[in-house]
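J.: This is data-v1.pdb, which holds PDB, C-alpha atoms and all ligand atoms:
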```pdb
ATOM      1  CA  GLN U 162      40.086 104.464 129.962
ATOM      2  CA  ASP U 163      42.633 106.148 127.703
ATOM      3  CA  LYS U 164      45.972 104.367 127.618
ATOM      4  CA  TYR U 165      49.290 106.060 128.435
ATOM      5  CA  ALA U 166      52.702 104.682 129.372
ATOM      6  CA  VAL U 167      56.350 105.474 129.921
ATOM      7  CA  PHE U 168      58.923 103.458 127.957
ATOM      8  CA  GLY U 169      62.427 103.097 129.337
ATOM      9  CA  ASN U 170      65.177 100.698 130.323
ATOM     10  CA  PRO U 171      65.636 100.406 133.230
ATOM     11  CA  ILE U 172      62.159 101.484 134.355
ATOM     12  CA  LYS U 173      61.695  99.995 137.842
ATOM     13  CA  GLN U 174      62.585 103.264 139.619
ATOM     14  CA  SER U 175      60.261 105.410 137.489
ATOM     15  CA  LYS U 176      58.087 107.826 139.432
ATOM     16  CA  SER U 177      56.048 108.718 136.357
ATOM     17  CA  PRO U 178      53.126 106.337 137.080
ATOM     18  CA  ALA U 179      52.744 107.818 140.576
ATOM     19  CA  ILE U 180      52.958 111.372 139.234
ATOM     20  CA  HIS U 181      50.491 110.890 136.381
ATOM     21  CA  GLY U 182      48.223 108.837 138.619
ATOM     22  CA  ALA U 183      48.051 111.783 141.013
ATOM     23  CA  PHE U 184      47.428 114.225 138.144
ATOM     24  CA  ALA U 185      44.610 112.046 136.786
ATOM     25  CA  VAL U 186      42.855 111.853 140.155
ATOM     26  CA  GLN U 187      43.272 115.579 140.715
ATOM     27  CA  CYS U 188      41.892 116.515 137.275
ATOM     28  CA  GLY U 189      39.224 113.780 137.172
ATOM     29  CA  GLU U 190      40.643 112.299 133.962
ATOM     30  CA  ALA U 191      39.872 108.678 133.090
ATOM     31  CA  MET U 192      43.277 107.358 132.094
ATOM     32  CA  GLN U 193      45.666 104.535 132.864
ATOM     33  CA  TYR U 194      49.424 105.060 132.897
ATOM     34  CA  ARG U 195      51.885 102.179 133.046
ATOM     35  CA  ALA U 196      55.664 101.871 133.202
ATOM     36  CA  VAL U 197      57.003  99.539 130.518
ATOM     37  CA  ARG U 198      60.527  98.146 130.291
ATOM     38  CA  VAL U 199      61.372  97.959 126.604
ATOM     39  CA  ASP U 200      64.290  95.907 125.267
ATOM     40  CA  ARG U 201      67.092  98.125 123.998
ATOM     41  CA  ASP U 202      66.613  97.234 120.342
ATOM     42  CA  LYS U 203      62.803  97.117 120.405
ATOM     43  CA  PHE U 204      61.690 100.722 120.896
ATOM     44  CA  GLU U 205      60.227 101.280 117.443
ATOM     45  CA  GLN U 206      58.398  97.971 117.498
ATOM     46  CA  ALA U 207      56.989  98.545 120.980
ATOM     47  CA  ALA U 208      55.917 102.123 120.247
ATOM     48  CA  THR U 209      54.261 101.115 116.970
ATOM     49  CA  ARG U 210      52.318  98.359 118.717
ATOM     50  CA  PHE U 211      51.338 100.695 121.566
ATOM     51  CA  PHE U 212      49.801 103.290 119.263
ATOM     52  CA  GLN U 213      48.229 100.682 116.963
ATOM     53  CA  SER U 214      46.431  99.179 119.936
ATOM     54  CA  GLY U 215      44.845 102.524 120.829
ATOM     55  CA  GLY U 216      47.536 104.066 123.074
ATOM     56  CA  ARG U 217      47.072 107.833 123.291
ATOM     57  CA  GLY U 218      50.430 109.016 124.572
ATOM     58  CA  LEU U 219      53.888 107.946 125.688
ATOM     59  CA  ASN U 220      56.591 109.359 127.860
ATOM     60  CA  VAL U 221      60.028 108.234 126.801
ATOM     61  CA  THR U 222      63.050 108.071 129.056
ATOM     62  CA  VAL U 223      66.615 106.739 128.993
ATOM     63  CA  PRO U 224      67.864 105.379 126.603
ATOM     64  CA  PHE U 225      65.117 105.986 124.013
ATOM     65  CA  LYS U 226      64.737 109.777 123.682
ATOM     66  CA  GLN U 227      66.689 109.933 120.406
ATOM     67  CA  GLU U 228      64.754 106.987 119.021
ATOM     68  CA  ALA U 229      61.484 108.678 119.983
ATOM     69  CA  PHE U 230      62.721 111.707 118.057
ATOM     70  CA  GLN U 231      63.141 109.489 114.983
ATOM     71  CA  PHE U 232      59.790 107.812 115.603
ATOM     72  CA  ALA U 233      57.691 110.996 115.751
ATOM     73  CA  GLY U 234      55.808 111.883 112.575
ATOM     74  CA  ARG U 235      55.751 115.536 113.544
ATOM     75  CA  LEU U 236      58.026 117.502 115.914
ATOM     76  CA  SER U 237      57.651 120.633 117.974
ATOM     77  CA  GLU U 238      60.319 123.284 117.433
ATOM     78  CA  ARG U 239      61.599 122.541 120.937
ATOM     79  CA  ALA U 240      61.951 118.843 120.228
ATOM     80  CA  ARG U 241      63.731 119.551 116.949
ATOM     81  CA  ARG U 242      66.233 121.730 118.804
ATOM     82  CA  ALA U 243      66.661 119.167 121.570
ATOM     83  CA  GLY U 244      67.211 116.327 119.119
ATOM     84  CA  ALA U 245      65.281 114.262 121.627
ATOM     85  CA  VAL U 246      61.651 113.530 122.458
ATOM     86  CA  ASN U 247      60.230 112.649 125.865
ATOM     87  CA  THR U 248      56.538 113.012 125.005
ATOM     88  CA  LEU U 249      54.645 111.355 122.155
ATOM     89  CA  LYS U 250      50.991 111.996 121.427
ATOM     90  CA  MET U 251      48.580 110.452 118.953
ATOM     91  CA  ALA U 252      47.122 113.497 117.203
ATOM     92  CA  ASP U 253      43.572 113.672 115.812
ATOM     93  CA  ASP U 254      44.840 113.215 112.247
ATOM     94  CA  GLY U 255      46.585 109.943 113.172
ATOM     95  CA  VAL U 256      50.121 111.378 113.207
ATOM     96  CA  VAL U 257      52.275 110.755 116.282
ATOM     97  CA  GLU U 258      53.590 114.119 117.515
ATOM     98  CA  GLY U 259      56.864 114.444 119.432
ATOM     99  CA  ASP U 260      57.682 117.103 121.991
ATOM    100  CA  ASN U 261      60.289 117.636 124.681
ATOM    101  CA  THR U 262      59.041 118.951 128.021
ATOM    102  CA  ASP U 263      62.277 118.670 130.031
ATOM    103  CA  GLY U 264      63.391 122.272 129.539
ATOM    104  CA  ILE U 265      59.978 123.712 130.340
ATOM    105  CA  GLY U 266      59.977 121.525 133.437
ATOM    106  CA  LEU U 267      63.350 122.876 134.551
ATOM    107  CA  VAL U 268      62.398 126.515 133.928
ATOM    108  CA  ARG U 269      58.981 126.171 135.649
ATOM    109  CA  ASP U 270      60.545 124.570 138.696
ATOM    110  CA  MET U 271      63.229 127.242 139.033
ATOM    111  CA  VAL U 272      61.083 130.263 138.187
ATOM    112  CA  ALA U 273      57.523 129.391 139.320
ATOM    113  CA  ASN U 274      58.160 126.968 142.195
ATOM    114  CA  LEU U 275      61.451 128.161 143.625
ATOM    115  CA  GLY U 276      61.071 131.829 142.697
ATOM    116  CA  TRP U 277      64.531 132.038 141.144
ATOM    117  CA  VAL U 278      65.365 134.465 138.355
ATOM    118  CA  VAL U 279      66.941 133.432 135.064
ATOM    119  CA  GLN U 280      66.345 136.582 133.047
ATOM    120  CA  GLY U 281      69.376 138.865 133.035
ATOM    121  CA  GLN U 282      71.435 136.463 135.149
ATOM    122  CA  ARG U 283      74.825 134.835 134.635
ATOM    123  CA  VAL U 284      74.137 131.124 134.243
ATOM    124  CA  LEU U 285      76.618 128.232 134.376
ATOM    125  CA  ILE U 286      75.729 124.720 133.226
ATOM    126  CA  ILE U 287      77.944 121.776 134.122
ATOM    127  CA  GLY U 288      77.716 118.927 131.623
ATOM    128  CA  ALA U 289      77.023 118.748 127.896
ATOM    129  CA  GLY U 290      75.104 115.513 127.395
ATOM    130  CA  GLY U 291      71.562 114.804 126.268
ATOM    131  CA  ALA U 292      70.073 116.332 129.403
ATOM    132  CA  VAL U 293      71.654 119.705 128.609
ATOM    133  CA  ARG U 294      70.731 119.667 124.927
ATOM    134  CA  GLY U 295      67.144 118.956 126.010
ATOM    135  CA  VAL U 296      66.819 122.071 128.179
ATOM    136  CA  LEU U 297      68.810 124.739 126.324
ATOM    137  CA  GLU U 298      66.027 126.170 124.178
ATOM    138  CA  PRO U 299      63.547 126.919 127.009
ATOM    139  CA  LEU U 300      66.395 128.137 129.217
ATOM    140  CA  LEU U 301      67.665 130.577 126.598
ATOM    141  CA  ARG U 302      64.083 131.805 125.990
ATOM    142  CA  GLU U 303      64.268 133.180 129.547
ATOM    143  CA  ARG U 304      67.010 135.496 128.280
ATOM    144  CA  PRO U 305      69.858 135.017 130.745
ATOM    145  CA  ARG U 306      72.567 137.679 130.420
ATOM    146  CA  GLU U 307      75.016 134.933 129.526
ATOM    147  CA  LEU U 308      75.219 131.179 129.550
ATOM    148  CA  LEU U 309      78.453 129.233 129.972
ATOM    149  CA  ILE U 310      78.492 125.459 129.463
ATOM    150  CA  VAL U 311      81.474 123.563 130.846
ATOM    151  CA  ASN U 312      82.127 119.888 130.378
ATOM    152  CA  ARG U 313      84.813 117.255 130.945
ATOM    153  CA  THR U 314      84.897 116.789 127.173
ATOM    154  CA  ALA U 315      85.306 120.439 126.191
ATOM    155  CA  ALA U 316      84.449 119.926 122.524
ATOM    156  CA  LYS U 317      80.909 118.757 123.349
ATOM    157  CA  ALA U 318      80.195 121.951 125.290
ATOM    158  CA  ALA U 319      81.682 124.104 122.527
ATOM    159  CA  LEU U 320      79.515 122.360 119.954
ATOM    160  CA  LEU U 321      76.327 122.933 121.973
ATOM    161  CA  ALA U 322      77.194 126.617 122.352
ATOM    162  CA  GLU U 323      77.612 126.863 118.598
ATOM    163  CA  GLU U 324      74.334 125.072 117.857
ATOM    164  CA  PHE U 325      72.282 127.269 120.171
ATOM    165  CA  GLY U 326      74.241 130.484 119.583
ATOM    166  CA  ASP U 327      71.366 132.111 117.670
ATOM    167  CA  LEU U 328      69.208 132.031 120.821
ATOM    168  CA  GLY U 329      71.458 134.069 123.102
ATOM    169  CA  SER U 330      74.890 134.781 124.487
ATOM    170  CA  ILE U 331      76.281 131.303 125.004
ATOM    171  CA  THR U 332      79.815 129.911 125.298
ATOM    172  CA  GLY U 333      81.058 126.388 125.883
ATOM    173  CA  GLY U 334      84.272 124.538 126.653
ATOM    174  CA  GLY U 335      86.294 122.944 129.430
ATOM    175  CA  PHE U 336      86.158 123.691 133.168
ATOM    176  CA  THR U 337      89.104 126.093 132.864
ATOM    177  CA  LEU U 338      86.742 128.625 131.220
ATOM    178  CA  ILE U 339      85.252 129.250 134.671
ATOM    179  CA  GLY U 340      88.475 130.716 136.015
ATOM    180  CA  GLU U 341      87.620 133.137 138.827
ATOM    181  CA  ARG U 342      84.288 134.141 137.345
ATOM    182  CA  GLN U 343      81.108 134.186 139.426
ATOM    183  CA  PHE U 344      77.619 133.033 138.475
ATOM    184  CA  ASP U 345      74.116 133.780 139.756
ATOM    185  CA  LEU U 346      72.711 130.418 138.770
ATOM    186  CA  VAL U 347      74.637 127.135 138.529
ATOM    187  CA  ILE U 348      72.916 124.079 137.072
ATOM    188  CA  ASN U 349      74.507 120.657 137.356
ATOM    189  CA  ALA U 350      73.643 118.287 134.525
ATOM    190  CA  SER U 351      76.714 116.086 134.729
ATOM    191  CA  SER U 352      76.113 112.520 135.755
ATOM    192  CA  ALA U 353      79.412 112.502 137.682
ATOM    193  CA  GLY U 354      77.505 112.910 140.950
ATOM    194  CA  LEU U 355      75.750 109.597 140.418
ATOM    195  CA  SER U 356      79.043 107.914 141.274
ATOM    196  CA  GLY U 357      79.340 110.039 144.401
ATOM    197  CA  GLN U 358      81.797 112.761 143.375
ATOM    198  CA  ALA U 359      81.057 116.491 143.255
ATOM    199  CA  PRO U 360      82.300 118.237 140.126
ATOM    200  CA  ASP U 361      85.662 119.936 140.582
ATOM    201  CA  LEU U 362      84.588 123.583 140.891
ATOM    202  CA  PRO U 363      86.529 126.669 142.036
ATOM    203  CA  SER U 364      85.599 127.880 145.511
ATOM    204  CA  THR U 365      85.274 131.422 144.101
ATOM    205  CA  LEU U 366      82.326 130.449 141.871
ATOM    206  CA  LEU U 367      79.378 131.556 144.028
ATOM    207  CA  THR U 368      78.229 134.927 145.326
ATOM    208  CA  GLU U 369      76.035 135.241 148.434
ATOM    209  CA  ARG U 370      73.029 135.401 146.040
ATOM    210  CA  SER U 371      73.840 132.374 143.882
ATOM    211  CA  CYS U 372      71.281 129.605 143.340
ATOM    212  CA  CYS U 373      72.386 126.026 142.622
ATOM    213  CA  TYR U 374      70.203 123.442 140.899
ATOM    214  CA  ASP U 375      71.029 119.763 140.436
ATOM    215  CA  MET U 376      69.007 118.105 137.682
ATOM    216  CA  VAL U 377      69.522 114.821 139.518
ATOM    217  CA  TYR U 378      67.388 114.073 142.580
ATOM    218  CA  GLY U 379      67.382 111.594 145.387
ATOM    219  CA  ALA U 380      66.458 110.924 148.981
ATOM    220  CA  GLU U 381      69.814 112.412 150.043
ATOM    221  CA  PRO U 382      71.374 115.697 148.886
ATOM    222  CA  THR U 383      73.609 115.065 145.865
ATOM    223  CA  PRO U 384      77.376 115.718 146.001
ATOM    224  CA  PHE U 385      76.837 118.933 143.986
ATOM    225  CA  MET U 386      74.152 120.104 146.438
ATOM    226  CA  ARG U 387      76.483 119.404 149.339
ATOM    227  CA  TRP U 388      79.238 121.349 147.572
ATOM    228  CA  ALA U 389      76.844 124.291 147.049
ATOM    229  CA  ALA U 390      75.648 124.295 150.649
ATOM    230  CA  HIS U 391      79.240 124.100 151.865
ATOM    231  CA  HIS U 392      80.090 127.164 149.749
ATOM    232  CA  ALA U 393      77.144 129.098 151.198
ATOM    233  CA  ALA U 394      74.870 129.180 148.154
ATOM    234  CA  TRP U 395      71.755 131.321 148.646
ATOM    235  CA  ALA U 396      69.487 128.472 147.589
ATOM    236  CA  VAL U 397      69.978 124.833 146.607
ATOM    237  CA  ALA U 398      67.521 122.451 144.943
ATOM    238  CA  ASP U 399      67.458 119.032 143.352
ATOM    239  CA  GLY U 400      65.628 117.951 140.195
ATOM    240  CA  LEU U 401      62.492 116.412 141.680
ATOM    241  CA  GLY U 402      60.461 119.525 140.898
ATOM    242  CA  MET U 403      61.729 119.412 137.317
ATOM    243  CA  LEU U 404      60.588 115.798 137.054
ATOM    244  CA  VAL U 405      57.071 116.671 138.199
ATOM    245  CA  GLU U 406      56.911 119.813 136.044
ATOM    246  CA  GLN U 407      57.985 118.031 132.856
ATOM    247  CA  ALA U 408      55.281 115.449 133.614
ATOM    248  CA  ALA U 409      52.718 118.228 134.109
ATOM    249  CA  GLN U 410      53.586 119.655 130.695
ATOM    250  CA  SER U 411      53.189 116.197 129.112
ATOM    251  CA  PHE U 412      49.845 115.841 130.866
ATOM    252  CA  TYR U 413      48.807 119.213 129.457
ATOM    253  CA  ILE U 414      49.825 118.162 125.944
ATOM    254  CA  TRP U 415      47.724 115.002 126.244
ATOM    255  CA  ARG U 416      44.699 116.166 128.202
ATOM    256  CA  GLY U 417      44.593 119.972 127.822
ATOM    257  CA  GLN U 418      44.555 120.427 131.590
ATOM    258  CA  ARG U 419      47.254 121.861 133.848
ATOM    259  CA  PRO U 420      47.498 119.905 137.079
ATOM    260  CA  GLU U 421      48.544 121.498 140.345
ATOM    261  CA  THR U 422      52.173 120.372 140.788
ATOM    262  CA  ARG U 423      52.975 121.474 144.322
ATOM    263  CA  PRO U 424      51.007 118.762 146.169
ATOM    264  CA  VAL U 425      52.450 116.124 143.832
ATOM    265  CA  ILE U 426      56.047 117.273 144.381
ATOM    266  CA  TYR U 427      55.320 117.047 148.089
ATOM    267  CA  GLN U 428      53.734 113.602 147.797
ATOM    268  CA  ILE U 429      56.640 112.144 145.784
ATOM    269  CA  ARG U 430      59.184 113.707 148.151
ATOM    270  CA  GLN U 431      57.419 112.142 151.151
ATOM    271  CA  ALA U 432      57.374 108.732 149.480
ATOM    272  CA  MET U 433      61.142 108.930 148.887
ATOM    273  CA  GLU U 434      62.072 109.483 152.519
TER     274      GLU U 434
HETATM  275  P1  LIG P 501      72.552 112.783 130.195
HETATM  276  O1  LIG P 501      71.422 112.293 129.343
HETATM  277  O2  LIG P 501      72.289 112.673 131.677
HETATM  278  O3  LIG P 501      73.003 114.144 129.808
HETATM  279  P2  LIG P 501      74.937 111.839 128.985
HETATM  280  O4  LIG P 501      74.504 112.334 127.643
HETATM  281  O5  LIG P 501      75.611 110.516 129.097
HETATM  282  O6  LIG P 501      73.723 111.738 129.962
HETATM  283  O7  LIG P 501      75.849 112.978 129.631
HETATM  284  C1  LIG P 501      76.483 112.783 130.868
HETATM  285  C2  LIG P 501      77.229 114.069 131.232
HETATM  286  O8  LIG P 501      77.914 113.864 132.466
HETATM  287  C3  LIG P 501      78.289 114.469 130.229
HETATM  288  O9  LIG P 501      78.406 115.866 130.214
HETATM  289  C4  LIG P 501      79.541 113.808 130.820
HETATM  290  O10 LIG P 501      80.767 114.384 130.435
HETATM  291  P3  LIG P 501      81.487 113.927 129.055
HETATM  292  O11 LIG P 501      80.702 114.572 127.965
HETATM  293  O12 LIG P 501      82.870 114.417 129.176
HETATM  294  O13 LIG P 501      81.389 112.417 129.043
HETATM  295  C5  LIG P 501      79.306 114.049 132.277
HETATM  296  N1  LIG P 501      80.050 113.099 133.124
HETATM  297  C6  LIG P 501      79.761 111.804 133.350
HETATM  298  N2  LIG P 501      80.663 111.248 134.207
HETATM  299  C7  LIG P 501      81.541 112.236 134.522
HETATM  300  C8  LIG P 501      82.691 112.314 135.370
HETATM  301  N3  LIG P 501      83.109 111.246 136.073
HETATM  302  N4  LIG P 501      83.335 113.487 135.458
HETATM  303  C9  LIG P 501      82.910 114.578 134.766
HETATM  304  N5  LIG P 501      81.835 114.567 133.954
HETATM  305  C10 LIG P 501      81.150 113.424 133.836
END
```
Go ahead and express the file in the form of structure tokens.
Ligand code: ATR
T.:
Amino acid sequence: QDKYAVFGNPIKQSKSPAIHGAFAVQCGEAMQYRAVRVDRDKFEQAATRFFQSGGRGLNVTVPFKQEAFQFAGRLSERARRAGAVNTLKMADDGVVEGDNTDGIGLVRDMVANLGWVVQGQRVLIIGAGGAVRGVLEPLLRERPRELLIVNRTAAKAALLAEEFGDLGSITGGGFTLIGERQFDLVINASSAGLSGQAPDLPSTLLTERSCCYDMVYGAEPTPFMRWAAHHAAWAVADGLGMLVEQAAQSFYIWRGQRPETRPVIYQIRQAME
């Protein structure tokens, strides 16, 4: 059996083994996939040992995505842009390749699964951390009319807008940039909701056609999802589909097969309730 794993810390809550296990069964692939808790200062050592002992591919999650970026011997354009790697693969020539599938996962979930439109739309992103940097390239490839990034620390959003400015119409700064403007698609990538608060957003933000996506997921609707529902968003979703879709893209990179994601999203959702 070919060896795969996800490295993270913490790792107990990881759904990746269940997701990849389901993909493997579905596609008839002989592979094992384990979740490994790696000490914070031991990523390079652990990854080196994993590949030396015949490991074929790794997923990398918090807090090691930047270290995986450093570790990769070759990078996809997407990963280079993201400055972070969530998928490592041992290539045929013995070089470990790094890619980032988070943005593709987000776009596939919104466009293919949920049927939302990004192209030509006004898009707002809340947050300017690693999660946002990781998804900007694939999101901008969908050619939104405009993209505004707002963040508590305004300078981080402004910097991201500058770095990705060659890929589309993108602005970044503090929450005050929203003003009374309206957006077709609002994506929350701020971790503020993890501590229970919804971001402080103007009640004029949504139209009756606006879609709201929270990159976080959980058994209960997140504070941002509750805010969106309360303000009569057209559609609201959490990030579970993104999680499964980024895994599907990793699986494709490793095995050359595209698993069916819908039944797996359903299965993981059921297990969470
Ligand atoms: P991730 O990998 O999830 O992006 P991160 O890089 O730590 O994690 O980024 C967390 C994001 O949530 C940042 O945009 C952060 O805002 P700052 O850049 O100002 O720190 C945002 N965030 C976290 N806690 C927040 C809070 N209580 N209020 C507003 N924004 C918050």
J.: Selected by the PyMOL selection byres (((not hetatm)) within 10 of (chain P and resi 501)) in the shown coordinates: which residues, as a ChimeraX atom specification?
T.: /U:222-224,226,286-295,310-318,335-336,349-361,376-377
J.: With region 182-200 of chain U as the partner and 8 Å as the cut-off, tabulate the residues of region 408-434 of chain U that qualify, each row holding the nearest pair of atoms and their distance in Å to one decimal, using only C-alpha atoms, sorted by chain and rising number, as JSON lines.
T.:
```
{"residue": "U:Ala409", "atom": "CA", "partner": "U:Phe184", "partner_atom": "CA", "distance": 7.8}
{"residue": "U:Phe412", "atom": "CA", "partner": "U:Phe184", "partner_atom": "CA", "distance": 7.8}
{"residue": "U:Gln418", "atom": "CA", "partner": "U:Cys188", "partner_atom": "CA", "distance": 7.4}
{"residue": "U:Pro420", "atom": "CA", "partner": "U:Phe184", "partner_atom": "CA", "distance": 5.8}
{"residue": "U:Glu421", "atom": "CA", "partner": "U:Phe184", "partner_atom": "CA", "distance": 7.7}
{"residue": "U:Val425", "atom": "CA", "partner": "U:Ala183", "partner_atom": "CA", "distance": 6.8}
```
J.: Those same residues - C-alpha atoms - I'd like them written as an mmCIF file, in the frame of the given file.
T.:
```
data_model
loop_
_atom_site.group_PDB
_atom_site.id
_atom_site.type_symbol
_atom_site.label_atom_id
_atom_site.label_comp_id
_atom_site.auth_asym_id
_atom_site.auth_seq_id
_atom_site.Cartn_x
_atom_site.Cartn_y
_atom_site.Cartn_z
ATOM 1 C CA ALA U 409 52.718 118.228 134.109
ATOM 2 C CA PHE U 412 49.845 115.841 130.866
ATOM 3 C CA GLN U 418 44.555 120.427 131.590
ATOM 4 C CA PRO U 420 47.498 119.905 137.079
ATOM 5 C CA GLU U 421 48.544 121.498 140.345
ATOM 6 C CA VAL U 425 52.450 116.124 143.832
#
```
J.: Would you give me, as CSV, each residue of region 237-296 of chain U having an atom within 6 Å of an atom of region 382-403 of chain U, along with its shortest atom pair and that distance in Å to one decimal, using all atoms listed in the file and sorting by chain and residue number?
T.:
```
residue,atom,partner,partner_atom,distance
U:Gly266,CA,U:Met403,CA,4.8
U:Leu267,CA,U:Met403,CA,4.7
U:Asp270,CA,U:Met403,CA,5.5
```
J.: Which residues match the PyMOL selection byres (((chain U and resi 309) around 8) and not hetatm) in the file above, as a list in words?
T.: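 For this structure, the PyMOL selection byres (((chain U and resi 309) around 8) and not hetatm) captures Val284, Leu285, Ile286, Glu307, Leu308, Ile310, Val311, Ile331, Thr332 and Gly333 of chain U.
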J.: Could you state which residues are captured by the PyMOL selection byres (((chain U and resi 218-221) around 8) and not hetatm) in this file, as a PDB file with C-alpha atoms, in the coordinates of the input?
T.:
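The result, stored in selection_11.pdb:
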```pdb
ATOM      1  CA  LYS U 164      45.972 104.367 127.618  1.00  0.00           C
ATOM      2  CA  TYR U 165      49.290 106.060 128.435  1.00  0.00           C
ATOM      3  CA  ALA U 166      52.702 104.682 129.372  1.00  0.00           C
ATOM      4  CA  VAL U 167      56.350 105.474 129.921  1.00  0.00           C
ATOM      5  CA  PHE U 168      58.923 103.458 127.957  1.00  0.00           C
ATOM      6  CA  GLY U 169      62.427 103.097 129.337  1.00  0.00           C
ATOM      7  CA  PHE U 212      49.801 103.290 119.263  1.00  0.00           C
ATOM      8  CA  GLY U 216      47.536 104.066 123.074  1.00  0.00           C
ATOM      9  CA  ARG U 217      47.072 107.833 123.291  1.00  0.00           C
ATOM     10  CA  THR U 222      63.050 108.071 129.056  1.00  0.00           C
ATOM     11  CA  VAL U 223      66.615 106.739 128.993  1.00  0.00           C
ATOM     12  CA  PHE U 225      65.117 105.986 124.013  1.00  0.00           C
ATOM     13  CA  LYS U 226      64.737 109.777 123.682  1.00  0.00           C
ATOM     14  CA  ALA U 229      61.484 108.678 119.983  1.00  0.00           C
ATOM     15  CA  VAL U 246      61.651 113.530 122.458  1.00  0.00           C
ATOM     16  CA  ASN U 247      60.230 112.649 125.865  1.00  0.00           C
ATOM     17  CA  THR U 248      56.538 113.012 125.005  1.00  0.00           C
ATOM     18  CA  LEU U 249      54.645 111.355 122.155  1.00  0.00           C
ATOM     19  CA  LYS U 250      50.991 111.996 121.427  1.00  0.00           C
ATOM     20  CA  MET U 251      48.580 110.452 118.953  1.00  0.00           C
ATOM     21  CA  SER U 411      53.189 116.197 129.112  1.00  0.00           C
ATOM     22  CA  TRP U 415      47.724 115.002 126.244  1.00  0.00           C
TER      23      TRP U 415
END
```
J.: Can you measure CA of Ser330 (chain U) to CA of Glu303 (chain U) for me? One decimal in Å is fine.
T.: 11.9 Å
J.: Counting all atoms listed in the file, which residue out of U:Val257, U:Gly234, U:Thr422, U:Val405 sits closest to Ser175 (chain U)?
T.: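 The answer is U:Val405, which sits nearest to Ser175 (chain U).
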J.: Using all atoms listed in the file, which of the listed residues (U:Phe204, U:Arg430, U:Arg269, U:Leu301) sits closest to Asp327 (chain U)?
T.: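 Checking each of U:Phe204, U:Arg430, U:Arg269, U:Leu301 against Asp327 (chain U), counting all atoms listed in the file, the winner is U:Leu301.
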J.: Using all atoms of region 250-266 of chain U that appear in the file, construct an axis-aligned enclosing box with 5 Å of padding on every side and provide its centre coordinates and edge lengths in Å, rounded to one decimal, as JSON.
T.:
```
{"center_x": 53.5, "center_y": 116.8, "center_z": 122.8, "size_x": 29.8, "size_y": 23.8, "size_z": 31.2}
```
J.: Find the residue from U:Gln227, U:Gln162, U:Gly255, U:Asp260 that sits nearest to Gln213 (chain U); use all atoms listed in the file when measuring.
T.: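 Under the stated criterion, the closest residue is U:Gly255.
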J.: Could you tell me how far CA of Leu404 (chain U) sits from CA of Asn274 (chain U), in Å to one decimal place?
T.: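 These two atoms are separated by 12.5 Å.
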J.: One number please: CA of Ala245 (chain U) to CA of Gly264 (chain U), in Å, one decimal.
T.: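 Computing the Euclidean distance for CA of Ala245 (chain U) and CA of Gly264 (chain U) yields 11.4 Å.
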J.: Start from the incomplete input, build N, CA and C atoms for region 251-262 of chain U, and deliver everything as a PDB file, keeping the file's coordinate frame.
T.:
```pdb
ATOM      1  N   MET U 251      49.333 110.773 120.159  1.00  0.00           N
ATOM      2  CA  MET U 251      48.580 110.452 118.953  1.00  0.00           C
ATOM      3  C   MET U 251      47.655 111.627 118.641  1.00  0.00           C
ATOM      4  N   ALA U 252      47.940 112.326 117.556  1.00  0.00           N
ATOM      5  CA  ALA U 252      47.122 113.497 117.203  1.00  0.00           C
ATOM      6  C   ALA U 252      45.836 113.056 116.515  1.00  0.00           C
ATOM      7  N   ASP U 253      44.884 113.978 116.394  1.00  0.00           N
ATOM      8  CA  ASP U 253      43.572 113.672 115.812  1.00  0.00           C
ATOM      9  C   ASP U 253      43.678 113.178 114.369  1.00  0.00           C
ATOM     10  N   ASP U 254      44.701 113.640 113.648  1.00  0.00           N
ATOM     11  CA  ASP U 254      44.840 113.215 112.247  1.00  0.00           C
ATOM     12  C   ASP U 254      45.646 111.922 112.108  1.00  0.00           C
ATOM     13  N   GLY U 255      45.922 111.240 113.233  1.00  0.00           N
ATOM     14  CA  GLY U 255      46.585 109.943 113.172  1.00  0.00           C
ATOM     15  C   GLY U 255      48.100 110.010 113.117  1.00  0.00           C
ATOM     16  N   VAL U 256      48.665 111.230 113.190  1.00  0.00           N
ATOM     17  CA  VAL U 256      50.121 111.378 113.207  1.00  0.00           C
ATOM     18  C   VAL U 256      50.593 111.403 114.659  1.00  0.00           C
ATOM     19  N   VAL U 257      51.719 110.728 114.928  1.00  0.00           N
ATOM     20  CA  VAL U 257      52.275 110.755 116.282  1.00  0.00           C
ATOM     21  C   VAL U 257      53.198 111.973 116.408  1.00  0.00           C
ATOM     22  N   GLU U 258      52.834 112.880 117.319  1.00  0.00           N
ATOM     23  CA  GLU U 258      53.590 114.119 117.515  1.00  0.00           C
ATOM     24  C   GLU U 258      54.613 113.958 118.628  1.00  0.00           C
ATOM     25  N   GLY U 259      55.811 114.506 118.424  1.00  0.00           N
ATOM     26  CA  GLY U 259      56.864 114.444 119.432  1.00  0.00           C
ATOM     27  C   GLY U 259      57.172 115.807 120.014  1.00  0.00           C
ATOM     28  N   ASP U 260      57.310 115.857 121.330  1.00  0.00           N
ATOM     29  CA  ASP U 260      57.682 117.103 121.991  1.00  0.00           C
ATOM     30  C   ASP U 260      58.721 116.778 123.054  1.00  0.00           C
ATOM     31  N   ASN U 261      59.348 117.823 123.580  1.00  0.00           N
ATOM     32  CA  ASN U 261      60.289 117.636 124.681  1.00  0.00           C
ATOM     33  C   ASN U 261      59.923 118.616 125.784  1.00  0.00           C
ATOM     34  N   THR U 262      59.538 118.101 126.937  1.00  0.00           N
ATOM     35  CA  THR U 262      59.041 118.951 128.021  1.00  0.00           C
ATOM     36  C   THR U 262      60.067 119.146 129.139  1.00  0.00           C
TER      37      THR U 262
END
```
